[in-house]
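Here is the structure we will look at, set down as C-alpha cells.
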There are 2 protein chains.
Amino acid sequence: MPAVSGSRLRARLERLARFGGLPGGGVTRSCWSPPHEEARAWLLGEIRAAGLQAWVDPAGNVFGGLGTATFDQARPVVLTGSHIDTVPEGGMLDGALGVIAGLECLQAVHESGTAPARPLAVAAWSDEEGRYGSLFGSRAFCGLLDTARIPEMASVDGERLVDAMARAGFEAARAPEARAPAGAVAAYVELHIEQGARLEEGGVQIGNVEVIVGVRRTRVVFHGQADHAGTTPMERRRDAFLGAADFALRARELVVAEGSGRSVTNFGVVQVHPGASNIVPGRAELVHEMRDPEAAVLEALARKTAALAQEVARGRALSVELRPMSATLPAPCSPRVQAAVDDACTALGLSCRRLYSAAGHDAQNLAQVTDAGMVFVPSQGGRSHRVDESSDWADLERGARVLLHTLLALAR
Amino acid sequence: MPAVSGSRLRARLERLARFGGLPGGGVTRSCWSPPHEEARAWLLGEIRAAGLQAWVDPAGNVFGGLGTATFDQARPVVLTGSHIDTVPEGGMLDGALGVIAGLECLQAVHESGTAPARPLAVAAWSDEEGRYGSLFGSRAFCGLLDTARIPEMASVDGERLVDAMARAGFEAARAPEARAPAGAVAAYVELHIEQGARLEEGGVQIGNVEVIVGVRRTRVVFHGQADHAGTTPMERRRDAFLGAADFALRARELVVAEGSGRSVTNFGVVQVHPGASNIVPGRAELVHEMRDPEAAVLEALARKTAALAQEVARGRALSVELRPMSATLPAPCSPRVQAAVDDACTALGLSCRRLYSAAGHDAQNLAQVTDAGMVFVPSQGGRSHRVDESSDWADLERGARVLLHTLLALAR
C-alpha cells in the first residue's frame, strides 16, 4: 500500500514558503509576480523529480500527472490540487498544503508501484486569491471564465491581468483554451486548512466539507465634493469618506443582525480621493464583500445593503454607485466524495465532522463540472490569511493520508 | 502714478494655468513636479521680461526684485508673493493670484518710472500646499525649517523630498541656506482669493486679514488584526478600518460640538492595510487635520480627540498611535499692514471687511519675522482646492490695485 511521507511533505512546504517569504514569517506571493513564477518553476521541477508528468496550461495552471499528461474524455482523471499564490502577508499553508499534499500522494502511489484504475493528477490553480480575478485558473479549466472581461481584469491598484500575465510569459487572451473537455475529470478532492477554529475547538481531526459559501463582491463608490478643508464650513461639506465610513459601520451591523448567523462581511479595500490632508474627500471607494452558505440569504443581504448605501448617501448629500465585481453561488459538495472522505477517516481511525467552508475555494468551480469535495485539517487558533497561520505538522500529515485514501477510493 | 494692467494680469494667470492644466479645467501642479518646474522657468522669464531682477534661492523660492536682487539688512525690502504649486485637482487662482498680481504691481511701478524709498520684491514660495512639507519655502526663508527632519520629509505616497528636489535640480540639505538675514524684510503683504464665501455673501469687495488659523495635523494609526474575511467569526474580528471609520465620524461631531464654531476638521488621507477584499484590515491610517484661529481651542480639541481615539480603540480591541505631523500656531497679522490695507480700500473707494483666514498661508511664517498681512478677494461660491475654483476678473483686478496701493504705502 502507498504511504505518504510526513517529512517530505514538511520539507516541501517549508521550501515553498521561501518563495515570497517575509523576514518576520509569512508569505507574499501574488499570482504572476516574480516570487510566484519562481515557485512555479520549482514546483514543475519537483513534479518531474517525483517521476510524474508535468505540464502548464494556457491559464497558467500547473499539473502533475500519474498515468496521464493531459485531460481527455476517454480516460477521466481523478484530480486533486489547490493553489500556490497567497494573499499579501499571508501564511505558508493556505493553498500550498493542497498542492504539496497532492504531489506527495501521487508520488507515494508512483513509488509503491500500485496502478489505480484511473489516472491521477494534481493541480496548482492560478490566482485563487483573486489578485486579478477570483479563482481564475480553475474558472478557466471549468469553462467558467467570462472571456469578454479578460482585457479589463485588473488588480485593485490598477495593474491589468493582461500585463501581469505577459510579464510571466502568458497570453491572457488564450486562458479560455485551458478549458478541460467535458467528462475529463472523474472526481475532484481538495485538501486545505480549515482557516477557522471549529475543528480545533471541537477537538476534531478532519473536516468533511458539505458546502462552500457563496461570495459577493461589490465596489461601492460614494461621490461628494472635493473642497478646501480649511475654508469650507463644516455644514456645507459633502465628504465622501465620512459617507463611506458611515455605510461600512452600518452595513456591518446589518449583516450581523439580519444575516443567517453564518453571514460575514468585510471592507478590505478603501480608497479616498484626491487624497490630500487639506482637501475634503470628493470620492471614496470601498470593496464590500459578503459571504453565506445560502444563496437566498446573500441575495437578501445584497438588496438590504444596497438600500442602506442609498440611504446613507441621501442623508449626506452624496451619491453612490454600486458596481458588482463578482458573485459566486454557494457550491454543494458531492455526496459520493463526502462518502469517500468519511470512509477514509473510518479506515484511518480519525475523527471527522461535516462542516461548511466559509472561504471560497477552487473546488467550487470543479463542483460545476464533476463530483467535488474538500478535506479540512485544523488551523491553530483559526488563523489564516495572516503571517502566523499555522497547523500541527501531525494534522497536516493526517490530512494527506485522508487525501491519499480518498483519491485511491475514487480512482478504483 | 503706477497702475496695474487687468488684461496683463488675466493673460498671465491664464498662461500659468496651462502648466499642469487638466483636460476638464483645473490644475495639478505639485511642487518639484515637471509641470511645476516648467512653470518656474516660465515665471523667471516673465520676471526678466518685466524689467525686474530674477533669482532663485536654495529652497526653490523664486524672486523678482525692483531695486534689489538680494535680501540684505542694510536695505530692507517690502515683499509680496504667494505660491505657484497647487493641490491635486486644484484651481487656477490659489497661490497663482498673489504671485502674478505681485509681479504686475512691480512691473507697473517699474514702468511708471516711480522710485519708492524701499526696494520691492515678489516671491513664489516653494511647496505651500505641503506635498512634502507644509509652507516649505517660506519656512526656510524665515528660518523656521527643522533641518534635522529634511531627510525624512516625504509625500503621503512615500516619495522623499530629497529625491523630488534632486529631480528638479535642488539639494534639499541646502534649503536652510535660504534663510533671509534678520531685518531684511521691512513688511510682507500677500494677495489671495478668500477660498470661502464670506466676502461674496456679504457683498464685500476686499477682505483684510486679522489672523490666520492654526493647523494641527496628526497621523492616527489604528492597529487591529489581519484575518481571513470568510472564516473569522464577526465577533472575533479586530478590524482596524471600522475603528478608523468610527473615530472619524465621532471626531467630526466632537469638533463641531465642542469647537469654537470656527473650528474645522478633515480626514483627507486614508490608507488601509494589507488592502485585499478578503482580508480583515489589520491597520488603518488617517491624517487628521484640525484648524482654528485660537491656539487654546486647538489645544483643547487635540486633547479631546486623542482621548476619543483611545476610547474607540479600547471599545474595539484595537490599539491606536497618534503621530503629530505638524502644528502651526494661529498667526496674527500686523496692525500696521492692516491699516495700510484699510487706507488703500478707502483711497480706491472699495468696501472692506476684517476677517480671519481659515486656510494656512505663507504669510503666517513671514509674520514671525516682519510686519505681515493679507488681502483677500471674493471666491465664487467659496469654492477652492477644486477644479472649478473661480473669481470675477474685476475682483482680481481690484485686489491687485489694493496690493499696489498697500505696497507703495509700506515702501514710502
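Within each chain, counting starts at residue 1; across the C-alpha cells, chains are named A, B, ... in the order shown, with ligands numbered 1 upward in that order.
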Interface, chain A side, toward chain B (6 Å; only C-alpha atoms) as a ChimeraX atom specification: /A:195-196,227-228,230-231,245,268-269,275-277,279-281,358-359,384-386
Take the selection from the previous step and output its residues with all heavy atoms, as a compact mmCIF listing (two decimals), in the first residue's frame.
# COMPACT_ATOMS: atom_id res chain seq x y z
N GLN A 195 -8.94 27.20 8.16
CA GLN A 195 -8.93 28.67 8.20
C GLN A 195 -9.96 29.20 9.19
O GLN A 195 -10.28 30.38 9.17
CB GLN A 195 -9.18 29.27 6.81
CG GLN A 195 -8.23 28.74 5.75
CD GLN A 195 -8.46 29.38 4.39
OE1 GLN A 195 -9.29 28.91 3.63
NE2 GLN A 195 -7.73 30.43 4.10
N GLY A 196 -10.51 28.34 10.03
CA GLY A 196 -11.40 28.73 11.09
C GLY A 196 -11.05 27.87 12.29
O GLY A 196 -10.09 27.08 12.23
N ASP A 227 -13.40 69.83 -1.61
CA ASP A 227 -13.41 71.24 -1.21
C ASP A 227 -12.23 71.51 -0.30
O ASP A 227 -11.66 70.58 0.27
CB ASP A 227 -14.71 71.56 -0.45
CG ASP A 227 -15.82 72.04 -1.36
OD1 ASP A 227 -15.54 72.88 -2.24
OD2 ASP A 227 -16.96 71.58 -1.21
N HIS A 228 -11.94 72.80 -0.14
CA HIS A 228 -10.86 73.21 0.76
C HIS A 228 -11.23 72.83 2.19
O HIS A 228 -12.31 73.17 2.67
CB HIS A 228 -10.66 74.72 0.64
CG HIS A 228 -9.40 75.21 1.28
ND1 HIS A 228 -9.19 75.17 2.63
CD2 HIS A 228 -8.27 75.74 0.73
CE1 HIS A 228 -8.00 75.68 2.90
NE2 HIS A 228 -7.42 76.02 1.76
N GLY A 230 -10.05 73.88 4.92
CA GLY A 230 -10.00 74.94 5.92
C GLY A 230 -11.19 75.88 5.78
O GLY A 230 -11.84 76.22 6.76
N THR A 231 -11.47 76.26 4.55
CA THR A 231 -12.40 77.37 4.34
C THR A 231 -13.85 76.94 4.10
O THR A 231 -14.73 77.78 4.14
CB THR A 231 -11.94 78.18 3.11
OG1 THR A 231 -11.90 77.30 1.98
CG2 THR A 231 -10.55 78.76 3.32
N ALA A 245 -17.54 55.75 5.56
CA ALA A 245 -17.31 55.27 6.92
C ALA A 245 -18.64 54.92 7.58
O ALA A 245 -18.79 53.85 8.21
CB ALA A 245 -16.58 56.35 7.74
N GLY A 268 -12.22 45.41 2.82
CA GLY A 268 -10.78 45.22 2.87
C GLY A 268 -10.00 46.19 2.00
O GLY A 268 -8.80 46.33 2.14
N VAL A 269 -10.71 46.87 1.08
CA VAL A 269 -10.07 47.82 0.18
C VAL A 269 -10.79 49.16 0.34
O VAL A 269 -12.01 49.22 0.19
CB VAL A 269 -10.16 47.36 -1.29
CG1 VAL A 269 -9.50 48.37 -2.22
CG2 VAL A 269 -9.53 45.97 -1.46
N GLY A 275 -7.10 62.63 -1.91
CA GLY A 275 -6.07 62.05 -1.04
C GLY A 275 -5.05 63.04 -0.52
O GLY A 275 -3.87 62.72 -0.47
N ALA A 276 -5.49 64.25 -0.17
CA ALA A 276 -4.58 65.24 0.43
C ALA A 276 -5.19 65.67 1.76
O ALA A 276 -6.41 65.75 1.89
CB ALA A 276 -4.40 66.44 -0.48
N SER A 277 -4.32 65.95 2.75
CA SER A 277 -4.83 66.23 4.09
C SER A 277 -5.71 67.46 4.12
O SER A 277 -6.59 67.57 4.95
CB SER A 277 -3.66 66.38 5.07
OG SER A 277 -2.81 67.41 4.64
N ILE A 279 -7.75 68.61 1.69
CA ILE A 279 -8.89 68.60 0.76
C ILE A 279 -9.96 67.64 1.29
O ILE A 279 -9.66 66.49 1.63
CB ILE A 279 -8.49 68.17 -0.66
CG1 ILE A 279 -7.29 68.98 -1.15
CG2 ILE A 279 -9.66 68.34 -1.62
CD1 ILE A 279 -6.86 68.65 -2.55
N VAL A 280 -11.20 68.13 1.35
CA VAL A 280 -12.32 67.27 1.73
C VAL A 280 -12.46 66.18 0.67
O VAL A 280 -12.49 66.48 -0.52
CB VAL A 280 -13.63 68.10 1.81
CG1 VAL A 280 -14.82 67.21 2.12
CG2 VAL A 280 -13.50 69.23 2.83
N PRO A 281 -12.51 64.90 1.08
CA PRO A 281 -12.60 63.82 0.09
C PRO A 281 -13.82 63.96 -0.82
O PRO A 281 -14.95 64.04 -0.35
CB PRO A 281 -12.71 62.56 0.96
CG PRO A 281 -12.00 62.92 2.23
CD PRO A 281 -12.35 64.38 2.45
N ALA A 358 -16.22 28.47 4.95
CA ALA A 358 -16.52 29.91 4.96
C ALA A 358 -15.63 30.66 3.98
O ALA A 358 -15.82 31.85 3.74
CB ALA A 358 -16.34 30.47 6.36
N ALA A 359 -14.65 29.97 3.44
CA ALA A 359 -13.77 30.56 2.43
C ALA A 359 -14.16 30.01 1.06
O ALA A 359 -14.65 28.89 0.95
CB ALA A 359 -12.31 30.23 2.74
N SER A 384 -5.81 32.50 9.64
CA SER A 384 -5.46 32.33 8.23
C SER A 384 -5.41 33.69 7.55
O SER A 384 -5.87 34.67 8.11
CB SER A 384 -6.48 31.43 7.54
OG SER A 384 -6.05 31.17 6.22
N HIS A 385 -4.86 33.72 6.33
CA HIS A 385 -4.65 34.99 5.63
C HIS A 385 -3.86 35.93 6.53
O HIS A 385 -4.10 37.13 6.55
CB HIS A 385 -5.97 35.63 5.21
CG HIS A 385 -6.52 35.02 3.93
ND1 HIS A 385 -7.47 35.64 3.17
CD2 HIS A 385 -6.23 33.85 3.33
CE1 HIS A 385 -7.75 34.86 2.13
NE2 HIS A 385 -7.02 33.77 2.21
N ARG A 386 -2.92 35.39 7.28
CA ARG A 386 -2.03 36.21 8.08
C ARG A 386 -0.72 35.46 8.24
O ARG A 386 -0.65 34.25 8.03
CB ARG A 386 -2.65 36.61 9.42
CG ARG A 386 -3.48 35.54 10.09
CD ARG A 386 -4.27 36.11 11.23
NE ARG A 386 -3.46 36.10 12.45
CZ ARG A 386 -3.96 36.29 13.66
NH1 ARG A 386 -5.25 36.53 13.83
NH2 ARG A 386 -3.17 36.26 14.72
Pick from B:Thr86, B:Ala148, B:Met92, B:Thr70: nearest to B:Glu14, with only C-alpha atoms counted?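 For B:Glu14, the nearest of the given residues is B:Met92.
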Enumerate, as a PyMOL selection string, the complete set of residues in stretch 330-374 of chain B that a backbone-based DSSP assignment places in strand (DSSP E). chain B and resi 331-332+352-357+371-374
Can you list, as an MDAnalysis selection string, every residue of stretch 208-339 of chain A that DSSP puts in helix (DSSP H, G or I)? chainID A and resid 234:236 240:258 295:315 335:339
Which residues, written as a ChimeraX atom specification, have at least one atom at most 8 Å from A:Gln205, with only C-alpha atoms counted and residues fewer than 5 positions away on the same chain left out? /A:199-200,350-352,377-378,395,398
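Here the question is which of B:Leu79, B:Ala115, B:Asp85, B:Gly399 gets nearest to B:Pro35 using only C-alpha atoms, and that residue is B:Asp85.
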